[in-house]
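In what follows, a single structure is set out as structure tokens and then discussed.
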Amino acid sequence: MKIAIDAMGGDHAPKAVVEGAMKALEDRKDLELVLVGDRKQIEPLITSNERVSIIHTDEVIRGDEDPIRSVRRKKNASLVLTANEVKEKRAEACISAGNTGALVVAGLFIVGRMKGIDRPALSPTLPTTNGKGFLLLDAGANVDVNAHHLVQYAIMGSVYSEKVRNIPNPTVGLLNVGTEEGKGNLVAKKAFKLLENAPVNFVGNVEARDLMAGIVDVVVTDGFSGNITLKAIEGTALHVMNILKETFMSSLKTKVLAGLMKKELQSLKKQLHYPEYGGAALFGLRAPVIKSHGSSNATAIYHTINQACNIIENDVIGTIERTIKSLNLIEEA
């Protein structure tokens with residue numbers, strides 16, 4: 001399989017991107033990678049020329065640039081060229097840790113939507129206390145959605161969770177302001193009714209406070225609420241780790257205790273660090289497009305590449321398309 005990677009995207013590019021790519025190539029002998037970016041910066045970081053190629057460009061879309069304008073104007077930007085490799089079928093998937101909005105735009109207008117999906121969903125896997133994690137759709141690709149979009153999200157999330165995350169009959173919850181049926185706005189109420197009859201294991205409404213307890217495997221919501229949920233979980237995890245660090249460094253006694261608990265604290269940090277689960281796939285497109293976290297290190301890039309490989313190997317895109325095609329879910333709410 002062949003995957004295109006935006007080598008210049010992210011806070012630690014290209015070093016972290018290339019290092020993660022090299023590790024993935026070592027572990028997967030069936031993998032080929034195309035690194036898109038500045039050849040002068042990339043080549044010194046490559047440890048093996050086997051099964052890796054470079055598409056040179058010195059044009060980059062920065063994180064603060066307008067997504068639509070930058071994708072339209074910067075035709076040779078590393079992110080745009082990465083998506084174009086998939087469009088031209090020279091690669092089966094693409095990955096970037098760069099500008100999220102630009103990747104969504106490139107995914108929509110370059111890679112293209114799959115038939116039967118009205119709007120794609122940005123879908124990260126977030127940590128839970130039981131270590132299982134849950135998939136969140138949508139984390140910010142679409143601020144406003146209708147009930148039918150949420151049903152499509154549920155189907156896409158279920159297929160991915162079963163095929164890639166190996167969760168049999170994954171449970172699906174609708175993020176809401178209460179667990180009782182009839183809660184929420186008009187879209188949520190209509191989505192609840194539709195989800196009851198959808199080909200997913202829908203268990204009802206779920207509240208944000210219960211998500212990290214692992215109450216469900218898949219959580220569906222609009223991109224506005226989803227992005228707030230994502231940022232709240234990320235911020236809380238960072239805050240908890242900072243509090244623990246300050247507490248353990250506050251005295252000689254606590255420093256000694258921290259030394260004794262070093263292994264357990266590292267395990268906790270890893271559990272709360274959601275990029276360990278891979279990137280946020282943009283489901284609903286004709287091919288896998290994955291957004292790795294902007295602060296991704298080499299390990300996170302490695303996990304994201306493996307995630308892309310698993311999506312390809314398990315024909316997640318094809319399964320989603322066939323499932324949607326068999327249902328009449330495309331009408332407007």
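Note on naming: chains are A, B, ... as they come in the structure tokens, residues start from 1 per chain, ligands start from 1 in the order shown.
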Residue list (helix (DSSP H, G or I), DSSP) for range 114-193 of chain A, as a PyMOL selection string
chain A and resi 147-163+186-193
For range 148-153 of chain A, find every residue with an atom within 9 Å (counting only C-alpha atoms), except residues of its own chain fewer than 5 positions away, and show them as a ChimeraX atom specification.
/A:116-121,137-138,158,174,188,190-192,194-195,198,219-222,283-284,324,329-333
Those same residues, written as an mmCIF file, in the first residue's frame with N, CA, C and O atoms?
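Written file, again04.cif:
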data_model
loop_
_atom_site.group_PDB
_atom_site.id
_atom_site.type_symbol
_atom_site.label_atom_id
_atom_site.label_comp_id
_atom_site.auth_asym_id
_atom_site.auth_seq_id
_atom_site.Cartn_x
_atom_site.Cartn_y
_atom_site.Cartn_z
ATOM 1 N N GLY A 116 -23.393 9.250 -1.257
ATOM 2 C CA GLY A 116 -24.298 8.958 -0.155
ATOM 3 C C GLY A 116 -23.970 9.658 1.139
ATOM 4 O O GLY A 116 -24.750 9.613 2.083
ATOM 5 N N ILE A 117 -22.806 10.313 1.208
ATOM 6 C CA ILE A 117 -22.434 11.064 2.411
ATOM 7 C C ILE A 117 -22.574 12.550 2.108
ATOM 8 O O ILE A 117 -21.949 13.065 1.183
ATOM 9 N N ASP A 118 -23.416 13.212 2.883
ATOM 10 C CA ASP A 118 -23.655 14.634 2.659
ATOM 11 C C ASP A 118 -22.503 15.500 3.145
ATOM 12 O O ASP A 118 -22.104 16.453 2.485
ATOM 13 N N ARG A 119 -21.987 15.157 4.337
ATOM 14 C CA ARG A 119 -20.885 15.940 4.903
ATOM 15 C C ARG A 119 -19.918 15.014 5.630
ATOM 16 O O ARG A 119 -20.355 14.141 6.373
ATOM 17 N N PRO A 120 -18.627 15.199 5.437
ATOM 18 C CA PRO A 120 -17.653 14.356 6.143
ATOM 19 C C PRO A 120 -17.559 14.746 7.618
ATOM 20 O O PRO A 120 -17.974 15.831 8.008
ATOM 21 N N ALA A 121 -17.012 13.858 8.411
ATOM 22 C CA ALA A 121 -16.854 14.111 9.846
ATOM 23 C C ALA A 121 -15.403 13.895 10.258
ATOM 24 O O ALA A 121 -14.772 12.909 9.852
ATOM 25 N N LEU A 137 -17.480 11.784 16.534
ATOM 26 C CA LEU A 137 -17.839 12.331 15.228
ATOM 27 C C LEU A 137 -18.967 13.348 15.426
ATOM 28 O O LEU A 137 -20.000 12.981 15.971
ATOM 29 N N ASP A 138 -18.825 14.602 15.138
ATOM 30 C CA ASP A 138 -17.802 15.274 14.383
ATOM 31 C C ASP A 138 -17.020 16.159 15.348
ATOM 32 O O ASP A 138 -17.605 16.757 16.243
ATOM 33 N N SER A 158 -19.392 3.394 13.429
ATOM 34 C CA SER A 158 -19.580 1.987 13.777
ATOM 35 C C SER A 158 -18.717 1.078 12.907
ATOM 36 O O SER A 158 -18.079 0.139 13.394
ATOM 37 N N LEU A 174 -25.650 9.393 21.374
ATOM 38 C CA LEU A 174 -25.880 10.741 20.846
ATOM 39 C C LEU A 174 -25.580 11.746 21.941
ATOM 40 O O LEU A 174 -26.235 11.738 22.999
ATOM 41 N N ALA A 188 -31.449 17.086 17.580
ATOM 42 C CA ALA A 188 -31.135 15.949 18.447
ATOM 43 C C ALA A 188 -32.343 15.035 18.627
ATOM 44 O O ALA A 188 -32.211 13.802 18.621
ATOM 45 N N LYS A 190 -34.871 14.587 16.550
ATOM 46 C CA LYS A 190 -35.125 13.849 15.324
ATOM 47 C C LYS A 190 -34.057 12.785 15.096
ATOM 48 O O LYS A 190 -34.351 11.655 14.663
ATOM 49 N N ALA A 191 -32.804 13.124 15.409
ATOM 50 C CA ALA A 191 -31.713 12.167 15.247
ATOM 51 C C ALA A 191 -31.926 10.951 16.146
ATOM 52 O O ALA A 191 -31.645 9.815 15.743
ATOM 53 N N PHE A 192 -32.409 11.176 17.342
ATOM 54 C CA PHE A 192 -32.671 10.072 18.274
ATOM 55 C C PHE A 192 -33.623 9.063 17.634
ATOM 56 O O PHE A 192 -33.379 7.852 17.665
ATOM 57 N N LEU A 194 -34.315 8.612 14.437
ATOM 58 C CA LEU A 194 -33.702 7.969 13.276
ATOM 59 C C LEU A 194 -32.666 6.929 13.688
ATOM 60 O O LEU A 194 -32.563 5.860 13.080
ATOM 61 N N LEU A 195 -31.901 7.233 14.732
ATOM 62 C CA LEU A 195 -30.858 6.312 15.184
ATOM 63 C C LEU A 195 -31.440 5.029 15.766
ATOM 64 O O LEU A 195 -30.811 3.967 15.695
ATOM 65 N N ALA A 198 -31.666 2.869 12.793
ATOM 66 C CA ALA A 198 -30.476 2.770 11.950
ATOM 67 C C ALA A 198 -29.751 1.444 12.220
ATOM 68 O O ALA A 198 -29.916 0.843 13.283
ATOM 69 N N VAL A 219 -19.429 8.275 19.714
ATOM 70 C CA VAL A 219 -20.250 9.417 20.124
ATOM 71 C C VAL A 219 -20.487 10.300 18.913
ATOM 72 O O VAL A 219 -19.533 10.711 18.242
ATOM 73 N N VAL A 220 -21.754 10.586 18.596
ATOM 74 C CA VAL A 220 -22.071 11.438 17.456
ATOM 75 C C VAL A 220 -22.646 12.764 17.927
ATOM 76 O O VAL A 220 -23.425 12.820 18.881
ATOM 77 N N THR A 221 -22.252 13.831 17.236
ATOM 78 C CA THR A 221 -22.729 15.173 17.556
ATOM 79 C C THR A 221 -22.341 16.105 16.415
ATOM 80 O O THR A 221 -21.628 15.712 15.492
ATOM 81 N N ASP A 222 -22.807 17.352 16.469
ATOM 82 C CA ASP A 222 -22.399 18.341 15.468
ATOM 83 C C ASP A 222 -20.972 18.790 15.732
ATOM 84 O O ASP A 222 -20.439 18.616 16.823
ATOM 85 N N PHE A 283 -13.872 11.013 7.856
ATOM 86 C CA PHE A 283 -14.745 10.016 7.252
ATOM 87 C C PHE A 283 -15.776 10.659 6.336
ATOM 88 O O PHE A 283 -16.272 11.746 6.605
ATOM 89 N N GLY A 284 -16.104 9.949 5.259
ATOM 90 C CA GLY A 284 -17.086 10.432 4.295
ATOM 91 C C GLY A 284 -16.459 10.829 2.979
ATOM 92 O O GLY A 284 -17.147 11.294 2.069
ATOM 93 N N ILE A 324 -24.070 2.690 3.393
ATOM 94 C CA ILE A 324 -24.875 3.880 3.106
ATOM 95 C C ILE A 324 -25.738 3.665 1.862
ATOM 96 O O ILE A 324 -26.913 4.052 1.822
ATOM 97 N N LEU A 329 -30.832 7.254 3.363
ATOM 98 C CA LEU A 329 -30.527 8.202 4.445
ATOM 99 C C LEU A 329 -30.059 9.543 3.914
ATOM 100 O O LEU A 329 -29.535 10.357 4.652
ATOM 101 N N ILE A 330 -30.262 9.804 2.631
ATOM 102 C CA ILE A 330 -29.672 10.986 2.020
ATOM 103 C C ILE A 330 -30.658 12.146 1.916
ATOM 104 O O ILE A 330 -30.313 13.243 1.562
ATOM 105 N N GLU A 331 -31.910 11.906 2.268
ATOM 106 C CA GLU A 331 -32.892 12.972 2.184
ATOM 107 C C GLU A 331 -32.580 14.098 3.165
ATOM 108 O O GLU A 331 -31.868 13.902 4.144
ATOM 109 N N GLU A 332 -33.106 15.258 2.903
ATOM 110 C CA GLU A 332 -32.859 16.397 3.791
ATOM 111 C C GLU A 332 -33.790 16.343 5.002
ATOM 112 O O GLU A 332 -34.925 15.898 4.906
ATOM 113 N N ALA A 333 -33.269 16.804 6.149
ATOM 114 C CA ALA A 333 -34.088 16.833 7.368
ATOM 115 C C ALA A 333 -35.074 17.974 7.295
ATOM 116 O O ALA A 333 -34.844 18.971 6.615
#
Among the residues of range 98-169 of chain A, find those DSSP assigns to strand (DSSP E) from the backbone and print them as a count of residues only.
9
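Minimum atom-to-atom distances from A:Leu33, A:Ala24, A:Ala4, A:Leu230 to Thr82 in chain A were compared using only C-alpha atoms, and the lowest value belongs to A:Ala4.
Restricting the calculation to only C-alpha atoms, the smallest distance between Ala300 in chain A and any of A:Asn76, A:Thr57, A:Ser96, A:Asn130 is found for A:Ser96.
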Write out as a short mmCIF file (atom, residue, chain, number, x, y, z; two decimals) with C-alpha atoms, in the first residue's frame which residues come within 12 Å of Gly157 in chain A when counting only C-alpha atoms, dropping same-chain ones fewer than 4 positions away.
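File written: out_30.cif
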data_model
loop_
_atom_site.label_atom_id
_atom_site.label_comp_id
_atom_site.auth_asym_id
_atom_site.auth_seq_id
_atom_site.Cartn_x
_atom_site.Cartn_y
_atom_site.Cartn_z
CA PRO A 120 -17.65 14.36 6.14
CA ALA A 121 -16.85 14.11 9.85
CA LEU A 122 -13.52 14.70 11.60
CA SER A 123 -13.20 11.74 13.92
CA PRO A 124 -10.52 11.44 16.64
CA THR A 125 -10.34 8.61 19.15
CA PHE A 134 -14.12 6.27 22.15
CA LEU A 135 -14.57 7.67 18.66
CA LEU A 136 -16.00 11.19 18.37
CA LEU A 137 -17.84 12.33 15.23
CA ASP A 138 -17.80 15.27 14.38
CA LEU A 150 -25.76 12.43 12.49
CA VAL A 151 -27.10 9.04 11.37
CA GLN A 152 -24.43 8.92 8.67
CA TYR A 153 -21.81 9.75 11.31
CA SER A 161 -14.78 0.91 15.28
CA GLU A 162 -15.63 -2.63 14.25
CA LYS A 163 -13.18 -2.99 11.36
CA VAL A 164 -10.15 -1.07 12.66
CA ARG A 165 -10.57 -0.86 16.43
CA ILE A 167 -14.85 -3.69 18.72
CA ASN A 169 -21.10 -4.48 17.72
CA PRO A 170 -19.83 -1.07 18.95
CA THR A 171 -22.23 0.99 21.04
CA VAL A 172 -23.29 4.40 19.72
CA GLY A 173 -24.43 7.36 21.83
CA PRO A 199 -28.21 -0.27 11.43
CA VAL A 200 -26.10 0.58 14.50
CA ASN A 201 -26.08 -0.42 18.17
CA PHE A 202 -27.66 2.82 19.38
CA VAL A 216 -20.05 4.13 24.63
CA ASP A 217 -17.67 3.30 21.78
CA VAL A 218 -18.93 5.93 19.32
CA VAL A 219 -20.25 9.42 20.12
CA VAL A 220 -22.07 11.44 17.46
CA THR A 221 -22.73 15.17 17.56
CA ALA A 280 -8.53 12.09 13.37
CA ALA A 281 -9.83 10.44 10.21
CA LEU A 282 -11.99 12.55 7.92
CA PHE A 283 -14.74 10.02 7.25
CA GLY A 284 -17.09 10.43 4.29
CA VAL A 316 -13.37 0.76 5.74
CA ILE A 317 -14.19 3.25 2.98
CA THR A 319 -17.77 -0.87 3.70
CA ILE A 320 -19.11 2.56 4.66
CA THR A 323 -23.72 0.37 3.96
#
Calculate how many Å separate CA of Ser296 in chain A from CA of Ala97 in chain A, rounding to one decimal.
7.1 Å
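Nearest to Pro44 in chain A of all the residues A:Arg28, A:Lys262, A:Lys15, A:Arg62 is A:Lys15, counting only C-alpha atoms.
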Compare A:Met1, A:His56, A:Lys115, A:Thr100 by their minimum atom-to-atom distance to Ser326 in chain A, counting only C-alpha atoms, and give me the closest one.
A:Lys115
If I take CA of Asp38 in chain A and CA of Ala77 in chain A, how far is one from the other in Å, to one decimal?
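The value is 10.3 Å.
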One decimal, in Å: what's the spacing between CA of Asp6 in chain A and CA of Leu285 in chain A?
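Separation of CA of Asp6 in chain A and CA of Leu285 in chain A: 18.0 Å.
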So that I can check the surroundings of Ser53 in chain A, please list as an MDAnalysis selection string every protein, DNA and RNA residue that reaches within 9 Å of it, counting only C-alpha atoms and ignoring chain neighbours fewer than 4 positions away.
chainID A and resid 32:36 49
Could those selected residues go to a file with C-alpha atoms, as an mmCIF file, in the first residue's frame?
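Printed below is part25.cif as written:
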data_model
loop_
_atom_site.group_PDB
_atom_site.id
_atom_site.type_symbol
_atom_site.label_atom_id
_atom_site.label_comp_id
_atom_site.auth_asym_id
_atom_site.auth_seq_id
_atom_site.Cartn_x
_atom_site.Cartn_y
_atom_site.Cartn_z
ATOM 1 C CA GLU A 32 5.432 2.635 0.548
ATOM 2 C CA LEU A 33 5.507 6.302 1.554
ATOM 3 C CA VAL A 34 5.573 9.546 -0.405
ATOM 4 C CA LEU A 35 6.901 12.464 1.636
ATOM 5 C CA VAL A 36 5.810 15.853 0.312
ATOM 6 C CA ASN A 49 15.761 5.094 0.821
#
